[in-house]
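See below for the structure under consideration.
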Amino acid sequence: MTVDQATRERIKNLLMEKNTNISELSLKGGLTPSTLYDFMRGTTEHIQLNTIKQICMGFGLRMVEFFDKPYFDDYE
């Protein structure tokens, strides 16, 4: 699994856990919905760390909490 795939998986899981969607997350994190939709669809291959920081803000998480999953331990 690549870092980008792991990040997509984490966002997908958090959306389900928090019972929210990309549009709501975008608003809370100060992102445009197209930024997240493009990344989640793979149109945008890589995500910037600053964007992950905004996603974390939208979820109300610290970055260490975002990355605290086993699939970030073993990546390509």
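To be explicit about the labels: the chains of the structure tokens are called A, B, and onward in the order shown, and within each one the residues are counted from 1, while ligands get numbers from 1 in the order they are shown.
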
Within 12 Å of Arg10 in chain A, counting only C-alpha atoms, which residues qualify if same-chain residues fewer than 2 places away don't, as a PyMOL selection string? chain A and resi 3-8+12-18+40+52+55-56+59+63+65-72

Quick one: write out the picked residues with C-alpha atoms as a short mmCIF file (atom, residue, chain, number, x, y, z; two decimals), in the first residue's frame?
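The resulting part_10.cif:
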```cif
data_model
loop_
_atom_site.label_atom_id
_atom_site.label_comp_id
_atom_site.auth_asym_id
_atom_site.auth_seq_id
_atom_site.Cartn_x
_atom_site.Cartn_y
_atom_site.Cartn_z
CA VAL A 3 1.12 6.43 1.49
CA ASP A 4 -1.54 7.96 -0.74
CA GLN A 5 -3.61 4.77 -0.68
CA ALA A 6 -3.29 4.61 3.11
CA THR A 7 -4.37 8.26 3.34
CA ARG A 8 -7.42 7.59 1.16
CA LYS A 12 -12.77 6.95 4.00
CA ASN A 13 -12.82 5.24 7.41
CA LEU A 14 -13.03 8.56 9.27
CA LEU A 15 -15.90 9.73 7.07
CA MET A 16 -17.82 6.59 8.06
CA GLU A 17 -16.85 6.82 11.76
CA LYS A 18 -17.81 10.48 11.99
CA MET A 40 -10.27 10.40 -3.23
CA ILE A 52 -3.84 16.57 5.47
CA ILE A 55 -8.45 17.42 6.87
CA CYS A 56 -7.39 16.75 10.46
CA PHE A 59 -12.23 15.87 11.65
CA MET A 63 -2.14 14.78 12.88
CA GLU A 65 -4.10 10.66 15.58
CA PHE A 66 -4.69 10.66 11.83
CA PHE A 67 -1.52 8.69 11.14
CA ASP A 68 -1.91 6.31 14.11
CA LYS A 69 -3.10 3.32 12.06
CA PRO A 70 -1.21 0.14 11.13
CA TYR A 71 -1.52 0.72 7.40
CA PHE A 72 0.81 3.73 7.73
#
```

Set the distance at 12 Å and use only C-alpha atoms: which residues neighbour Lys53 in chain A once local chain neighbours fewer than 4 positions away are removed? I'd like the list as a ChimeraX atom specification. /A:7,26,28-31,47-49,57-67

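Interatomic distance, CA of Thr44 in chain A to CA of Met1 in chain A: 16.8 Å.
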
Taking only chain A into account, list the residues labelled helix (DSSP H, G or I) by DSSP (computed from the backbone), as JSON, numbers by chain. {"A": [3, 4, 5, 6, 7, 8, 9, 10, 11, 12, 13, 14, 15, 16, 17, 22, 23, 24, 25, 26, 27, 28, 29, 33, 34, 35, 36, 37, 38, 39, 40, 41, 49, 50, 51, 52, 53, 54, 55, 56, 57, 58, 59, 63, 64, 65, 66, 70, 71, 72]}
